[in-house]
Amino acid sequence: MEKRVTFNGRLLPYMLLAPQLLITLVFFYWPAGQAVWQSFLIEDAFGLSTQFVWFENYQILLSKPDYYRTLAITLTFSALVAFLSLSLALLLAVQADKHIKFASGYKTMLIWPYAVAPAIAGVLWLFMFQPSLGLVSHAIRALGVDWNPVLNPDHAFTLVVMAATWKKIAYNFLFFLAGLQAIPKSVIEASAIDGASPMRRFWTITFPLLSPTTFFLLVVNVVYVFFETFGIIDATTGGGPAKATQTLVYKVYHDGKLGADLGGSAAQSVILMLIVIGLTAIQFRYVEKKVQY
Amino acid sequence: MVQRRSLLDIVPHFILALGVIIIAFPVYIAFVASTWDAATISNGQMPLWPGPHFLENYYRTIFIGTAKTTREPVGIMMLNSFVMAMCIAIGKIAISLISAFAVVYFRFPFRMAAFWTIFITLMLPVEVRIYPTYKIVADLRLLDTYAGLTIPLIASATATLLFRQFFMTVPDELVEASRIDGAGPMKFFVDTLVPLSITSVAAMFVIQFIYGWNQYLWPLLITTSDNMQTIVIGIKKMIVTQDALTEWQIAMATAVLAMLPPVIVVVAMQKLFVKGLTETEK
């Protein structure tokens with residue numbers, strides 16, 4: 001789509017675009033290019049000379065079991081958070097879509113966690129589950145479980161999953177509710193006349209018609225876990241214990257902070273870039289086409 | 001509505017109320033903790049209702065800060081967060097409005113190249129280029145400055161796309177009318193286009209203010225001095241896992257203060273927030 005009527009101006013459009021383009025070139029393209037370039041270089045131990053080595057950094061990285069462990073943790077983390085927050089949000093959205101009193105009040109009281117910073121969400125959950133003074137920890141201990149997210153990797157992982165899920169429900173709820181409200185009521189009424197029970201109506205009519213929303217949210221949730229849970233992890237577990245809560249992004253940050261292996265760190269960044277490009281492409285391709293039902 | 005069965009209305013109310021309680025519980029506990037003294041919290045016997053130290057704790061948090069960890073009053077951190085959020089939100093909107101105006105209302109060589117250059121930044125979030133970007137900001141001597149904190153974050157593909165989308169729906173007759181009146185492109189932009197975009201701008205502002213306020217990774221890298229800390233970074237430094245240094249009542253008061261501005265924005269401007277969220281994600 002193009003505008004029929006436009007203005008004339010030779011220099012003006014470039015001047016209007018200059019600030020945005022300047023910032024993207026200096027702070028986006030240049031560093032991204034640097035990361036790609038560095039990923040092909042190996043520096044000697046004293047930082048005196050560098051050598052162009054093609055894909056050696058990638059080979060080294062991909063030969064370490066450590067990297068696959070982090071990848072597996074990130075994928076498990078994504079799957080759990082996406083499944084939990086999508087199903088809880090859908091359950092709530094279906095209830096809020098019914099014609100009941102205070103529906104808009106419930107909506108307001110369910111969407112505000114969107115505004116809470118991931119790091120703050122992490123702090124809130126850490127406080128409740130802190131081994132020595134957390135309220136919920138005491139309750140869990142009373143049940144006979146030796147709860148300690150500071151020392152036990154599974155407990156730490158459970159903690160970050162809960163915090164990340166809590167934070168994302170609001171967003172998913174809002175989009176599910178919008179999706180539900182867009183479904184024509186006549187379709188559902190027709191199946192009710194055919195005698196379908198509410199459960200059957202949901203699984204055979206509503207849920208399939210929601211599939212574009214669900215798919216879109218699935219991609220968004222995966223992106224969220226990959227890139228935005230950094231704050232949650234840094235504030236609650238710091239990637240530990242024993243790297244049990246280290247995601248790919250956290251690993252880049254952590255390895256780079258030690259500052260030893262520039263090429264390896266750059267190779268990790270480039271792999272992450274490819275993951276974002278892949279996810280964004282999926283999002284645009286399928287969301288444009290709409291998932292079929 | 002299909003099948004009016006008012007008795008069963010109790011089920012959705014029950015589920016929704018349960019959801020609201022579970023969602024609010026962590027924040028309620030944080031608020032309660034911010035009203036008790038350190039001793040009550042640290043022995044793990046904190047009651048489930050607010051205590052008597054509300055004023056004392058919040059006064060200390062805002063004007064004095066923690067004694068051992070962050071060494072800076074939280075009031076200053078809130079100011080830093082506020083400046084950062086405002087600069088990012090206004091900056092993003094300003095540069096995106098003019099770039100969208102250029103792309104939609106002018107024909108010039110490399111127009112689509114410029115558009116794609118902006119668009120592709122969607123695929124380069126700060127998380128995938130952490131250290132090279134840090135290095136550039138360091139080379140430009142922008143560490144520990146508001147400029148370093150905000151300028152790298154104000155490029156925005158989403159805002160540009162949103163405004164472009166909106167400009168496409170503005171009728172061409174308005175351009176023709178303003179031409180007949182003898183107005184140039186900038187006059188049309190300021191007098192006609194921007195006033196028409198005001199709802200989109202406001203919706204964008206709500207989303208970007210929250211985005212800016214909640215930044216974590218970037219300020220963590222860019223700020224090192226105590227007086228440049230933002231509140232989201234400050235709270236993390238207050239919580240020390242190993243020792244008994246953590247002053248939980250102050251940390252929780254800080255958490256409440258850190259949540260307050262963005263949550264108020266979402267609740268008070270709910271319509272704009274929903275509009276902004278659904279439009280930017282399309």
# chains A, B, ... in the order shown; residues from 1 in each chain; ligands from 1
>>> interface_residues(of="chain B", to="chain A", cutoff="6 Å", atoms="only C-alpha atoms", output="VMD selection string")
chain B and resid 2 12 20 26 42 44 95 98 to 99 102 105 to 106 123 128 to 129 132 to 133 152 155 214 236 259 262 to 263
>>> residues_around(residues="segment 188-204 of chain B", least_positions_apart="6", cutoff="6 Å", atoms="only C-alpha atoms", output="compact mmCIF listing (two decimals) with N, CA and C atoms, in the first residue's frame")
# COMPACT_ATOMS: atom_id res chain seq x y z
N LEU B 272 -5.87 2.79 27.06
CA LEU B 272 -4.72 3.11 26.22
C LEU B 272 -3.70 1.98 26.27
N PHE B 273 -3.54 1.40 27.46
CA PHE B 273 -2.59 0.30 27.62
C PHE B 273 -2.96 -0.88 26.74
N GLY B 276 -2.42 0.01 23.12
CA GLY B 276 -0.99 0.01 22.79
C GLY B 276 -0.44 -1.38 22.66
>>> select_by_dssp(residues="segment 158-250 of chain A", states="alpha helix (DSSP H)", output="PyMOL selection string")
chain A and resi 158-181+185-193+198-201+207-209+211-223+230-236+248-250
>>> write_last_selection(atoms="C-alpha atoms", output="mmCIF file, in the first residue's frame")
data_model
loop_
_atom_site.group_PDB
_atom_site.id
_atom_site.type_symbol
_atom_site.label_atom_id
_atom_site.label_comp_id
_atom_site.auth_asym_id
_atom_site.auth_seq_id
_atom_site.Cartn_x
_atom_site.Cartn_y
_atom_site.Cartn_z
ATOM 1 C CA THR A 158 10.864 -24.552 40.118
ATOM 2 C CA LEU A 159 11.206 -21.108 41.672
ATOM 3 C CA VAL A 160 12.198 -19.337 38.423
ATOM 4 C CA VAL A 161 9.476 -21.197 36.489
ATOM 5 C CA MET A 162 6.847 -20.003 38.987
ATOM 6 C CA ALA A 163 8.041 -16.392 38.921
ATOM 7 C CA ALA A 164 8.240 -16.335 35.115
ATOM 8 C CA THR A 165 4.774 -17.907 34.765
ATOM 9 C CA TRP A 166 3.225 -15.495 37.264
ATOM 10 C CA LYS A 167 4.569 -12.540 35.318
ATOM 11 C CA LYS A 168 3.332 -13.734 31.897
ATOM 12 C CA ILE A 169 -0.254 -14.730 32.789
ATOM 13 C CA ALA A 170 -1.463 -11.128 32.538
ATOM 14 C CA TYR A 171 -0.241 -10.713 28.974
ATOM 15 C CA ASN A 172 -1.610 -14.058 27.778
ATOM 16 C CA PHE A 173 -4.929 -13.422 29.522
ATOM 17 C CA LEU A 174 -5.390 -10.113 27.724
ATOM 18 C CA PHE A 175 -4.766 -11.604 24.280
ATOM 19 C CA PHE A 176 -6.914 -14.677 24.932
ATOM 20 C CA LEU A 177 -9.763 -12.468 26.111
ATOM 21 C CA ALA A 178 -9.515 -10.350 22.958
ATOM 22 C CA GLY A 179 -9.424 -13.552 20.885
ATOM 23 C CA LEU A 180 -12.486 -14.962 22.626
ATOM 24 C CA GLN A 181 -14.443 -11.757 22.182
ATOM 25 C CA LYS A 185 -21.492 -15.795 19.207
ATOM 26 C CA SER A 186 -23.721 -17.296 16.507
ATOM 27 C CA VAL A 187 -21.319 -20.202 15.935
ATOM 28 C CA ILE A 188 -21.406 -21.147 19.583
ATOM 29 C CA GLU A 189 -25.169 -20.715 19.768
ATOM 30 C CA ALA A 190 -25.604 -22.991 16.765
ATOM 31 C CA SER A 191 -23.667 -25.794 18.438
ATOM 32 C CA ALA A 192 -25.625 -25.256 21.660
ATOM 33 C CA ILE A 193 -28.832 -25.751 19.672
ATOM 34 C CA PRO A 198 -20.271 -26.541 27.276
ATOM 35 C CA MET A 199 -17.095 -28.654 27.446
ATOM 36 C CA ARG A 200 -17.655 -30.064 23.998
ATOM 37 C CA ARG A 201 -18.436 -26.587 22.633
ATOM 38 C CA PHE A 207 -10.412 -23.709 21.070
ATOM 39 C CA PRO A 208 -9.856 -24.349 17.327
ATOM 40 C CA LEU A 209 -11.070 -20.836 16.502
ATOM 41 C CA SER A 211 -5.629 -21.241 17.366
ATOM 42 C CA PRO A 212 -4.146 -18.106 15.686
ATOM 43 C CA THR A 213 -4.040 -16.363 19.077
ATOM 44 C CA THR A 214 -2.626 -19.448 20.795
ATOM 45 C CA PHE A 215 0.103 -19.864 18.213
ATOM 46 C CA PHE A 216 1.046 -16.193 18.322
ATOM 47 C CA LEU A 217 1.219 -16.322 22.129
ATOM 48 C CA LEU A 218 3.279 -19.501 22.037
ATOM 49 C CA VAL A 219 5.986 -17.763 19.994
ATOM 50 C CA VAL A 220 5.836 -14.642 22.172
ATOM 51 C CA ASN A 221 6.168 -16.760 25.316
ATOM 52 C CA VAL A 222 9.197 -18.600 23.984
ATOM 53 C CA VAL A 223 10.851 -15.288 23.064
ATOM 54 C CA PHE A 230 17.267 -12.552 32.475
ATOM 55 C CA GLY A 231 16.101 -10.221 35.263
ATOM 56 C CA ILE A 232 14.202 -12.986 37.063
ATOM 57 C CA ILE A 233 17.189 -15.312 36.999
ATOM 58 C CA ASP A 234 19.731 -12.687 37.986
ATOM 59 C CA ALA A 235 17.611 -11.515 40.919
ATOM 60 C CA THR A 236 16.655 -14.950 42.282
ATOM 61 C CA LEU A 248 21.481 -19.145 26.952
ATOM 62 C CA VAL A 249 21.292 -15.381 27.465
ATOM 63 C CA TYR A 250 22.421 -15.668 31.058
#
>>> residues_around(residues="segment 47-49 of chain B", least_positions_apart="5", cutoff="12 Å", atoms="only C-alpha atoms", output="PyMOL selection string")
(chain A and resi 128+133-136) or (chain B and resi 25-26+28-37+40-42+54)
>>> atom_distance(atom1="atom CA of Ala159 of chain B", atom2="atom CA of Ala258 of chain B")
25.2 Å
>>> atom_distance(atom1="atom CA of Ala156 of chain A", atom2="atom CA of Gly240 of chain A")
7.6 Å
>>> residues_around(residues="segment 59-66 of chain A", least_positions_apart="5", cutoff="9 Å", atoms="only C-alpha atoms", output="count of residues only")
4
>>> atom_distance(atom1="atom CA of Val225 of chain A", atom2="atom CA of Gly234 of chain B")
23.1 Å
>>> closest_residue(among="A:Ala82, A:Val53, A:Ile183, A:Ile205", to="Phe40 of chain A", atoms="only C-alpha atoms")
A:Val53
>>> decode(residues="segment 3-98 of chain B", atoms="C-alpha atoms", output="compact mmCIF listing (two decimals), in the first residue's frame")
# COMPACT_ATOMS: atom_id res chain seq x y z
CA GLN B 3 -27.87 -21.18 28.17
CA ARG B 4 -28.60 -18.83 31.02
CA ARG B 5 -27.97 -20.87 34.15
CA SER B 6 -27.49 -18.36 36.93
CA LEU B 7 -26.68 -20.96 39.57
CA LEU B 8 -23.58 -21.97 37.65
CA ASP B 9 -22.40 -18.35 37.57
CA ILE B 10 -20.76 -19.11 40.88
CA VAL B 11 -18.12 -21.23 39.10
CA PRO B 12 -16.55 -18.45 36.98
CA HIS B 13 -16.65 -16.10 39.98
CA PHE B 14 -14.88 -18.68 42.08
CA ILE B 15 -12.15 -19.35 39.48
CA LEU B 16 -11.59 -15.67 38.76
CA ALA B 17 -11.47 -14.73 42.44
CA LEU B 18 -8.97 -17.51 43.07
CA GLY B 19 -6.89 -16.25 40.13
CA VAL B 20 -6.96 -12.69 41.43
CA ILE B 21 -5.89 -13.84 44.90
CA ILE B 22 -3.01 -15.98 43.61
CA ILE B 23 -1.81 -13.19 41.32
CA ALA B 24 -1.97 -10.60 44.11
CA PHE B 25 -0.54 -12.77 46.88
CA PRO B 26 3.21 -12.19 46.26
CA VAL B 27 2.66 -8.43 46.17
CA TYR B 28 0.54 -8.49 49.31
CA ILE B 29 3.26 -10.41 51.15
CA ALA B 30 5.84 -7.87 49.97
CA PHE B 31 3.65 -5.04 51.25
CA VAL B 32 3.15 -6.76 54.61
CA ALA B 33 6.91 -7.31 54.95
CA SER B 34 7.52 -3.63 54.24
CA THR B 35 5.52 -2.75 57.37
CA TRP B 36 7.33 -4.97 59.91
CA ASP B 37 10.75 -4.66 61.53
CA ALA B 38 13.78 -6.70 60.52
CA ALA B 39 13.65 -9.01 63.55
CA THR B 40 10.04 -10.09 62.94
CA ILE B 41 10.81 -10.94 59.31
CA SER B 42 14.11 -12.70 59.86
CA ASN B 43 12.82 -15.17 62.42
CA GLY B 44 10.36 -16.43 59.80
CA GLN B 45 7.31 -15.73 61.94
CA MET B 46 5.97 -12.70 60.08
CA PRO B 47 2.16 -12.39 60.46
CA LEU B 48 -0.10 -12.19 57.40
CA TRP B 49 -1.33 -8.69 58.27
CA PRO B 50 0.46 -5.31 58.13
CA GLY B 51 2.60 -4.27 61.08
CA PRO B 52 3.27 -0.93 62.79
CA HIS B 53 6.44 0.16 60.95
CA PHE B 54 4.95 1.43 57.70
CA LEU B 55 5.98 5.09 58.01
CA GLU B 56 9.36 4.38 59.54
CA ASN B 57 10.34 1.81 56.88
CA TYR B 58 9.20 3.89 53.91
CA TYR B 59 10.82 7.03 55.30
CA ARG B 60 14.12 5.19 55.70
CA THR B 61 13.83 3.59 52.25
CA ILE B 62 13.11 6.78 50.35
CA PHE B 63 15.40 9.20 52.17
CA ILE B 64 18.21 7.10 53.64
CA GLY B 65 18.38 3.69 51.96
CA THR B 66 20.00 0.51 53.21
CA ALA B 67 22.85 0.84 55.65
CA LYS B 68 25.14 -1.79 54.15
CA THR B 69 24.42 -2.73 50.55
CA THR B 70 23.33 0.04 48.17
CA ARG B 71 24.36 3.13 50.14
CA GLU B 72 21.93 5.36 48.27
CA PRO B 73 18.42 6.58 49.13
CA VAL B 74 15.77 4.86 47.04
CA GLY B 75 14.29 8.30 46.26
CA ILE B 76 17.32 8.98 44.05
CA MET B 77 16.97 5.60 42.37
CA MET B 78 13.33 6.36 41.61
CA LEU B 79 14.36 9.68 40.10
CA ASN B 80 16.91 7.87 37.90
CA SER B 81 14.30 5.32 36.83
CA PHE B 82 11.81 8.09 36.10
CA VAL B 83 14.28 10.07 33.98
CA MET B 84 15.27 6.92 32.11
CA ALA B 85 11.66 5.85 31.47
CA MET B 86 10.60 9.32 30.31
CA CYS B 87 13.63 9.79 28.02
CA ILE B 88 13.14 6.36 26.46
CA ALA B 89 9.38 6.79 25.97
CA ILE B 90 9.53 10.34 24.59
CA GLY B 91 12.68 9.65 22.56
CA LYS B 92 11.23 6.54 20.93
CA ILE B 93 7.98 8.31 20.07
CA ALA B 94 9.72 11.41 18.68
CA ILE B 95 12.18 9.68 16.38
CA SER B 96 9.63 7.08 15.28
CA LEU B 97 7.02 9.71 14.40
CA ILE B 98 9.42 11.57 12.11
